[in-house]
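See below for the structure under consideration.
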Number of protein chains: 2
Amino acid sequence: MVNYQSAALDRTFAALSDPTRRALLARLDEEDGITVSELARPFPVSLPAIMKHLDVLSDAGLIEKTKSGRTVTCQLRAEPMKQAMTWLQHYERYWTEQLDRLAAFLEEDDSWPASPASPSSGASRRRRRSSSKPGRSPKR
Amino acid sequence: MVNYQSAALDRTFAALSDPTRRALLARLDEEDGITVSELARPFPVSLPAIMKHLDVLSDAGLIEKTKSGRTVTCQLRAEPMKQAMTWLQHYERYWTEQLDRLAAFLEEDDSWPASPASPSSGASRRRRRSSSKPGRSPKR
């Protein structure tokens, strides 16, 4: 089960690593259920190239292709993105902590005007800061 | 600027599309600033293979390598993931709407026990359902 989920996550992230594929998903988000040729029209690449991109998206479960006669339409299936987002959310604290440190720096800086509504916020920031895990310093 | 951001997003998603690279990030999340050989130890692949993975992560800005004498240590830099998460959040409504439809189905199903606390919730669900955008049906 873990391996299956990992393979699904591999396919989702790989499918999203190309700007044309992301743009195809954005196009389907605007207008779902359009034909492959309508989808391909705004892109400055060949129809076979677009079809290859659509195959990658389809293999990742991010779109569903439906054939009716000679016409193929595509539907967006965003659900695999949920697992990708859950994976990323685990790391969310790195950038929220970074904002927290910036706020703490600004509050501790004497040249920065103090907020009259929260005279003790500088002290509370310092407490929170000193309780953070040692050795973890997402600086960028 | 848009192209630069797109290229950064390409690199982030591509770096995250490999289970070993995701595991290396998870290892650094547990213990940041460890050496390359310590990082490589639990993985059943060669040190050169791990070093290639670390190069991909470094090129994506997801880790930072620091050399001190003959020792190279790695630090997690999760911030590029923020842009990836922002991109995914745009599609979040697809799976939240799916849960909403499931809830509406269960509430409308006569065999499902009605909640005594909210006798009108079935009707409110139906209203919300009928106002949803036509032609958008993330079914899976």
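Residue numbers start at 1 in each chain; chains themselves are named A, B, ... in the order of the structure tokens; ligands are numbered from 1 in the order shown.
Distance criterion 6 Å to chain A, applied with only C-alpha atoms, yields Asp10, Phe13, Ala14, Ser17, Asp18, Arg77, Glu79, Trp95 and Pro138 of chain B on chain B.
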* **Gap from CA of Ala23 in chain A to CA of Val56 in chain A - Å, one decimal** =>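 It comes out at 13.5 Å.
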Please report, as an mmCIF file with N, CA, C and O atoms, in the first residue's frame, each residue of range 24-127 of chain A to which DSSP assigns alpha helix (DSSP H) when run on this structure's backbone.
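So part_21.cif came out as:
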data_model
loop_
_atom_site.group_PDB
_atom_site.id
_atom_site.type_symbol
_atom_site.label_atom_id
_atom_site.label_comp_id
_atom_site.auth_asym_id
_atom_site.auth_seq_id
_atom_site.Cartn_x
_atom_site.Cartn_y
_atom_site.Cartn_z
ATOM 1 N N LEU A 24 -2.016 22.881 -19.454
ATOM 2 C CA LEU A 24 -3.148 22.062 -19.944
ATOM 3 C C LEU A 24 -4.164 21.853 -18.809
ATOM 4 O O LEU A 24 -5.378 21.936 -19.033
ATOM 5 N N LEU A 25 -3.664 21.602 -17.602
ATOM 6 C CA LEU A 25 -4.578 21.428 -16.457
ATOM 7 C C LEU A 25 -5.316 22.739 -16.169
ATOM 8 O O LEU A 25 -6.525 22.731 -15.893
ATOM 9 N N ALA A 26 -4.591 23.866 -16.264
ATOM 10 C CA ALA A 26 -5.217 25.174 -16.023
ATOM 11 C C ALA A 26 -6.302 25.442 -17.069
ATOM 12 O O ALA A 26 -7.358 25.999 -16.754
ATOM 13 N N ARG A 27 -6.052 25.018 -18.315
ATOM 14 C CA ARG A 27 -7.041 25.200 -19.400
ATOM 15 C C ARG A 27 -8.300 24.372 -19.104
ATOM 16 O O ARG A 27 -9.418 24.845 -19.297
ATOM 17 N N LEU A 28 -8.105 23.126 -18.628
ATOM 18 C CA LEU A 28 -9.253 22.274 -18.295
ATOM 19 C C LEU A 28 -9.979 22.795 -17.053
ATOM 20 O O LEU A 28 -11.177 22.567 -16.890
ATOM 21 N N ASP A 29 -9.241 23.483 -16.185
ATOM 22 C CA ASP A 29 -9.880 24.080 -15.010
ATOM 23 C C ASP A 29 -10.828 25.194 -15.441
ATOM 24 O O ASP A 29 -11.895 25.388 -14.870
ATOM 25 N N GLU A 30 -10.454 25.911 -16.510
ATOM 26 C CA GLU A 30 -11.305 26.983 -17.066
ATOM 27 C C GLU A 30 -12.492 26.407 -17.817
ATOM 28 O O GLU A 30 -13.605 26.911 -17.732
ATOM 29 N N VAL A 36 -9.417 17.360 -27.545
ATOM 30 C CA VAL A 36 -7.951 17.429 -27.575
ATOM 31 C C VAL A 36 -7.491 18.546 -28.528
ATOM 32 O O VAL A 36 -6.576 19.309 -28.203
ATOM 33 N N SER A 37 -8.160 18.683 -29.679
ATOM 34 C CA SER A 37 -7.702 19.720 -30.616
ATOM 35 C C SER A 37 -7.987 21.126 -30.084
ATOM 36 O O SER A 37 -7.172 22.036 -30.281
ATOM 37 N N GLU A 38 -9.125 21.311 -29.391
ATOM 38 C CA GLU A 38 -9.406 22.610 -28.765
ATOM 39 C C GLU A 38 -8.360 22.910 -27.682
ATOM 40 O O GLU A 38 -7.892 24.040 -27.538
ATOM 41 N N LEU A 39 -8.021 21.856 -26.914
ATOM 42 C CA LEU A 39 -7.026 21.990 -25.849
ATOM 43 C C LEU A 39 -5.667 22.390 -26.422
ATOM 44 O O LEU A 39 -4.955 23.221 -25.845
ATOM 45 N N ALA A 40 -5.297 21.784 -27.544
ATOM 46 C CA ALA A 40 -3.973 21.983 -28.128
ATOM 47 C C ALA A 40 -3.820 23.350 -28.787
ATOM 48 O O ALA A 40 -2.707 23.880 -28.878
ATOM 49 N N LEU A 47 0.526 18.894 -32.270
ATOM 50 C CA LEU A 47 -0.544 18.090 -31.676
ATOM 51 C C LEU A 47 -0.005 16.779 -31.085
ATOM 52 O O LEU A 47 -0.377 16.418 -29.960
ATOM 53 N N PRO A 48 0.921 16.063 -31.794
ATOM 54 C CA PRO A 48 1.475 14.841 -31.168
ATOM 55 C C PRO A 48 2.183 15.129 -29.829
ATOM 56 O O PRO A 48 2.101 14.325 -28.905
ATOM 57 N N ALA A 49 2.867 16.284 -29.737
ATOM 58 C CA ALA A 49 3.542 16.643 -28.479
ATOM 59 C C ALA A 49 2.515 16.841 -27.368
ATOM 60 O O ALA A 49 2.700 16.372 -26.232
ATOM 61 N N ILE A 50 1.411 17.529 -27.719
ATOM 62 C CA ILE A 50 0.343 17.742 -26.729
ATOM 63 C C ILE A 50 -0.255 16.403 -26.316
ATOM 64 O O ILE A 50 -0.531 16.158 -25.123
ATOM 65 N N MET A 51 -0.430 15.504 -27.288
ATOM 66 C CA MET A 51 -1.017 14.192 -26.966
ATOM 67 C C MET A 51 -0.118 13.394 -26.025
ATOM 68 O O MET A 51 -0.617 12.687 -25.146
ATOM 69 N N LYS A 52 1.208 13.542 -26.188
ATOM 70 C CA LYS A 52 2.128 12.879 -25.259
ATOM 71 C C LYS A 52 1.971 13.450 -23.840
ATOM 72 O O LYS A 52 1.964 12.714 -22.859
ATOM 73 N N HIS A 53 1.866 14.769 -23.764
ATOM 74 C CA HIS A 53 1.657 15.407 -22.452
ATOM 75 C C HIS A 53 0.346 14.919 -21.822
ATOM 76 O O HIS A 53 0.281 14.651 -20.627
ATOM 77 N N LEU A 54 -0.699 14.803 -22.662
ATOM 78 C CA LEU A 54 -1.994 14.339 -22.148
ATOM 79 C C LEU A 54 -1.898 12.886 -21.655
ATOM 80 O O LEU A 54 -2.543 12.514 -20.671
ATOM 81 N N ASP A 55 -1.075 12.081 -22.330
ATOM 82 C CA ASP A 55 -0.858 10.697 -21.877
ATOM 83 C C ASP A 55 -0.216 10.668 -20.487
ATOM 84 O O ASP A 55 -0.604 9.865 -19.636
ATOM 85 N N VAL A 56 0.774 11.552 -20.267
ATOM 86 C CA VAL A 56 1.433 11.616 -18.955
ATOM 87 C C VAL A 56 0.412 12.020 -17.873
ATOM 88 O O VAL A 56 0.347 11.419 -16.799
ATOM 89 N N LEU A 57 -0.410 13.015 -18.208
ATOM 90 C CA LEU A 57 -1.437 13.469 -17.259
ATOM 91 C C LEU A 57 -2.457 12.371 -16.994
ATOM 92 O O LEU A 57 -2.899 12.167 -15.860
ATOM 93 N N SER A 58 -2.805 11.641 -18.039
ATOM 94 C CA SER A 58 -3.768 10.549 -17.912
ATOM 95 C C SER A 58 -3.191 9.406 -17.063
ATOM 96 O O SER A 58 -3.874 8.860 -16.191
ATOM 97 N N ASP A 59 -1.915 9.061 -17.295
ATOM 98 C CA ASP A 59 -1.258 8.007 -16.510
ATOM 99 C C ASP A 59 -1.198 8.375 -15.026
ATOM 100 O O ASP A 59 -1.215 7.497 -14.161
ATOM 101 N N PRO A 80 -5.680 13.336 -7.458
ATOM 102 C CA PRO A 80 -4.326 12.913 -7.084
ATOM 103 C C PRO A 80 -3.472 14.044 -6.484
ATOM 104 O O PRO A 80 -2.516 13.779 -5.761
ATOM 105 N N MET A 81 -3.853 15.279 -6.782
ATOM 106 C CA MET A 81 -3.098 16.418 -6.223
ATOM 107 C C MET A 81 -3.245 16.496 -4.708
ATOM 108 O O MET A 81 -2.404 17.085 -4.034
ATOM 109 N N LYS A 82 -4.331 15.895 -4.205
ATOM 110 C CA LYS A 82 -4.582 15.971 -2.758
ATOM 111 C C LYS A 82 -3.431 15.322 -1.981
ATOM 112 O O LYS A 82 -2.947 15.868 -0.989
ATOM 113 N N GLN A 83 -2.986 14.161 -2.448
ATOM 114 C CA GLN A 83 -1.894 13.445 -1.779
ATOM 115 C C GLN A 83 -0.599 14.276 -1.841
ATOM 116 O O GLN A 83 0.156 14.334 -0.862
ATOM 117 N N ALA A 84 -0.377 14.923 -2.985
ATOM 118 C CA ALA A 84 0.809 15.777 -3.135
ATOM 119 C C ALA A 84 0.750 16.938 -2.148
ATOM 120 O O ALA A 84 1.749 17.289 -1.521
ATOM 121 N N MET A 85 -0.451 17.504 -1.996
ATOM 122 C CA MET A 85 -0.581 18.633 -1.077
ATOM 123 C C MET A 85 -0.388 18.192 0.369
ATOM 124 O O MET A 85 0.250 18.895 1.154
ATOM 125 N N THR A 86 -0.925 17.014 0.696
ATOM 126 C CA THR A 86 -0.738 16.484 2.061
ATOM 127 C C THR A 86 0.751 16.299 2.340
ATOM 128 O O THR A 86 1.226 16.623 3.429
ATOM 129 N N TRP A 87 1.489 15.792 1.348
ATOM 130 C CA TRP A 87 2.937 15.606 1.523
ATOM 131 C C TRP A 87 3.617 16.952 1.789
ATOM 132 O O TRP A 87 4.428 17.080 2.707
ATOM 133 N N LEU A 88 3.264 17.963 1.009
ATOM 134 C CA LEU A 88 3.892 19.285 1.156
ATOM 135 C C LEU A 88 3.523 19.957 2.480
ATOM 136 O O LEU A 88 4.347 20.651 3.073
ATOM 137 N N GLN A 89 2.282 19.713 2.933
ATOM 138 C CA GLN A 89 1.815 20.370 4.167
ATOM 139 C C GLN A 89 2.679 20.001 5.369
ATOM 140 O O GLN A 89 2.797 20.776 6.308
ATOM 141 N N GLU A 92 5.146 22.693 5.808
ATOM 142 C CA GLU A 92 4.606 24.055 5.817
ATOM 143 C C GLU A 92 5.199 24.908 6.943
ATOM 144 O O GLU A 92 5.384 26.111 6.784
ATOM 145 N N ARG A 93 5.497 24.273 8.093
ATOM 146 C CA ARG A 93 5.993 25.045 9.236
ATOM 147 C C ARG A 93 7.309 25.753 8.926
ATOM 148 O O ARG A 93 7.632 26.760 9.543
ATOM 149 N N TYR A 94 8.076 25.252 7.949
ATOM 150 C CA TYR A 94 9.359 25.890 7.647
ATOM 151 C C TYR A 94 9.173 27.321 7.163
ATOM 152 O O TYR A 94 9.901 28.208 7.545
ATOM 153 N N TRP A 95 8.182 27.523 6.280
ATOM 154 C CA TRP A 95 8.018 28.904 5.809
ATOM 155 C C TRP A 95 7.147 29.735 6.736
ATOM 156 O O TRP A 95 7.314 30.950 6.801
ATOM 157 N N THR A 96 6.249 29.106 7.492
ATOM 158 C CA THR A 96 5.482 29.899 8.463
ATOM 159 C C THR A 96 6.409 30.332 9.610
ATOM 160 O O THR A 96 6.323 31.456 10.072
ATOM 161 N N GLU A 97 7.338 29.444 10.030
ATOM 162 C CA GLU A 97 8.306 29.817 11.075
ATOM 163 C C GLU A 97 9.227 30.927 10.586
ATOM 164 O O GLU A 97 9.630 31.785 11.355
ATOM 165 N N GLN A 98 9.523 30.901 9.301
ATOM 166 C CA GLN A 98 10.393 31.936 8.736
ATOM 167 C C GLN A 98 9.717 33.310 8.858
ATOM 168 O O GLN A 98 10.337 34.283 9.269
ATOM 169 N N LEU A 99 8.398 33.342 8.548
ATOM 170 C CA LEU A 99 7.644 34.595 8.683
ATOM 171 C C LEU A 99 7.599 35.031 10.138
ATOM 172 O O LEU A 99 7.684 36.208 10.460
ATOM 173 N N ASP A 100 7.469 34.029 11.047
ATOM 174 C CA ASP A 100 7.421 34.296 12.474
ATOM 175 C C ASP A 100 8.725 34.948 12.951
ATOM 176 O O ASP A 100 8.704 35.891 13.731
ATOM 177 N N ARG A 101 9.846 34.410 12.423
ATOM 178 C CA ARG A 101 11.144 34.967 12.820
ATOM 179 C C ARG A 101 11.317 36.394 12.298
ATOM 180 O O ARG A 101 11.853 37.253 12.980
ATOM 181 N N LEU A 102 10.799 36.636 11.070
ATOM 182 C CA LEU A 102 10.884 37.985 10.508
ATOM 183 C C LEU A 102 10.082 38.955 11.376
ATOM 184 O O LEU A 102 10.546 40.042 11.718
ATOM 185 N N ALA A 103 8.866 38.521 11.766
ATOM 186 C CA ALA A 103 8.018 39.357 12.622
ATOM 187 C C ALA A 103 8.720 39.620 13.953
ATOM 188 O O ALA A 103 8.715 40.750 14.459
ATOM 189 N N ALA A 104 9.350 38.580 14.524
ATOM 190 C CA ALA A 104 10.056 38.720 15.806
ATOM 191 C C ALA A 104 11.210 39.710 15.671
ATOM 192 O O ALA A 104 11.419 40.565 16.528
ATOM 193 N N PHE A 105 11.915 39.615 14.538
ATOM 194 C CA PHE A 105 13.043 40.525 14.303
ATOM 195 C C PHE A 105 12.558 41.968 14.245
ATOM 196 O O PHE A 105 13.133 42.860 14.859
ATOM 197 N N LEU A 106 11.470 42.174 13.511
ATOM 198 C CA LEU A 106 10.947 43.537 13.359
ATOM 199 C C LEU A 106 10.455 44.084 14.693
ATOM 200 O O LEU A 106 10.639 45.256 14.996
ATOM 201 N N GLU A 107 9.849 43.202 15.515
ATOM 202 C CA GLU A 107 9.347 43.655 16.816
ATOM 203 C C GLU A 107 10.489 43.973 17.773
ATOM 204 O O GLU A 107 10.382 44.862 18.610
ATOM 205 N N GLU A 108 11.587 43.213 17.660
ATOM 206 C CA GLU A 108 12.714 43.417 18.574
ATOM 207 C C GLU A 108 13.606 44.579 18.156
ATOM 208 O O GLU A 108 14.371 45.104 18.957
ATOM 209 N N SER A 121 3.859 41.772 22.892
ATOM 210 C CA SER A 121 4.014 40.786 21.817
ATOM 211 C C SER A 121 5.474 40.468 21.535
ATOM 212 O O SER A 121 5.810 39.363 21.162
ATOM 213 N N GLY A 122 6.361 41.434 21.757
ATOM 214 C CA GLY A 122 7.789 41.172 21.539
ATOM 215 C C GLY A 122 8.283 40.077 22.465
ATOM 216 O O GLY A 122 8.955 39.147 22.031
ATOM 217 N N ALA A 123 7.863 40.137 23.748
ATOM 218 C CA ALA A 123 8.276 39.123 24.720
ATOM 219 C C ALA A 123 7.715 37.755 24.369
ATOM 220 O O ALA A 123 8.412 36.743 24.438
ATOM 221 N N SER A 124 6.428 37.726 23.938
ATOM 222 C CA SER A 124 5.827 36.429 23.606
ATOM 223 C C SER A 124 6.508 35.817 22.386
ATOM 224 O O SER A 124 6.688 34.621 22.293
ATOM 225 N N ARG A 125 6.915 36.682 21.426
ATOM 226 C CA ARG A 125 7.639 36.200 20.254
ATOM 227 C C ARG A 125 8.953 35.572 20.687
ATOM 228 O O ARG A 125 9.359 34.548 20.182
ATOM 229 N N ARG A 126 9.653 36.227 21.633
ATOM 230 C CA ARG A 126 10.950 35.710 22.066
ATOM 231 C C ARG A 126 10.796 34.354 22.730
ATOM 232 O O ARG A 126 11.590 33.464 22.530
ATOM 233 N N ARG A 127 9.721 34.194 23.539
ATOM 234 C CA ARG A 127 9.494 32.908 24.189
ATOM 235 C C ARG A 127 9.284 31.818 23.149
ATOM 236 O O ARG A 127 9.845 30.749 23.215
#
* Structure fact -> Taken to one decimal, the CA of Lys67 in chain A-CA of Arg21 in chain A distance is 20.4 Å
